[in-house]
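Q: Starting off with a structure, shown below.
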Amino acid sequence: MQQVICEVIAKDGPSMLDFSDDVHNMQRRIAFVATRHPELSLPSVDVETICKSAVEWGPLFICNATTTNEQKKIDICEVIWSRLSYEQQKMVEQLAPTHIVVPTLSQLQKQSQPSQGVSSQTQLSPEYEGFVALSGITKPEKPTKWKDMIVCWLCFLPWHHVRAFFASRYVKWWFHTILFCVWLTSVFLTCIIATDNAKMHKVQEKYVLLREFARPNNDWADKADYIEYLYSDEDGHRTEIEDLWEHRRKRLCK
């Protein structure tokens, strides 16, 4: 059974497995290290390669996953990570980490105090700079000419901060939450409008039946025609309409 599933994954893998954002991030990390350090001989971990190699990793990860929903739960990150040796995993974590530790204010103050024989300036490694560039959000360089500074301050810097703001996962989470709330509100309002339309349709049906049965009685028919005439110009006959409603209220209060 596992052999059959592996063959199907090799053919229609992308539609059967869950290639989430975490999987794509891991693929970009490994591909970045592979391009900068070919001596590590990192394997190819693109979607097509992972699917075609399902026969290799399938028996270990598929287990009893026979349905589509169960196959969607297979951790592709673990599948990709298992294709690397321990030394390769260690180098990927070192050269392209998932998180970057930011120094605190006290640490920065200590580093700003120069010691004997040690320069207070530190430089980022090329690997770190390249990994930061993977996100596609790089701060524009400070221009040297005044005319370039105006363009940088009015265009490049605001656009950089806007992109950095919307790239935050917390901002994306809030946007998804707001869109979901708007969707729920629209569904709720649609249900209310549909209910009101159904009630108005029933009232109209009752009105048509009342007019139909009032036709044999000339007095009822004249009164119905009179009321319809008043409501044909509601603003012009506001006084007559209010008198009729007042008469009805008095009759009901007796």
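Chain labels A, B, ... are given in the sequence in which chains occur in the structure tokens; within each chain residues are numbered consecutively from 1, and ligands are likewise numbered from 1 in the order shown.
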Using only C-alpha atoms, which residues sit within 10 Å of A:Ile74 once same-chain residues fewer than 5 positions away are excluded, as a PyMOL selection string?

A: chain A and resi 16-19+58+61-63+65+69+79

Q: What's around stretch 21-34 of chain A at 7 Å? Count only C-alpha atoms, leave out sequence neighbours fewer than 5 positions away in its own chain, and write the answer as a ChimeraX atom specification.

A: /A:42,45-46,76-77,92,95-96

Q: Just want the 12 Å neighbourhood of A:Lys223, counted on only C-alpha atoms, with same-chain residues fewer than 4 positions away dropped. Output as a list in words.

A: Leu210, Arg211, Ala214, Arg215, Asn217, Asn218, Asp219, Ile227, Glu228, Tyr229, Leu230 and Leu244 of chain A

Q: Give the answer as one residue: which of A:Cys6, A:Asp243, A:Ala198, A:Ile178 has the shortest atom-to-atom distance to A:Lys52, using only C-alpha atoms?

A: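 Going through A:Cys6, A:Asp243, A:Ala198, A:Ile178 one by one, the smallest distance to A:Lys52 is for A:Cys6.
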
Q: Could you state the separation of atom CA of A:Lys172 and atom CA of A:His99 in Å, given to one decimal place?

A: 18.4 Å

Q: Of the residues A:Phe165, A:Trp81, A:Tyr170, A:Val187, which is the one nearest to A:Glu93, using only C-alpha atoms?

A: A:Trp81
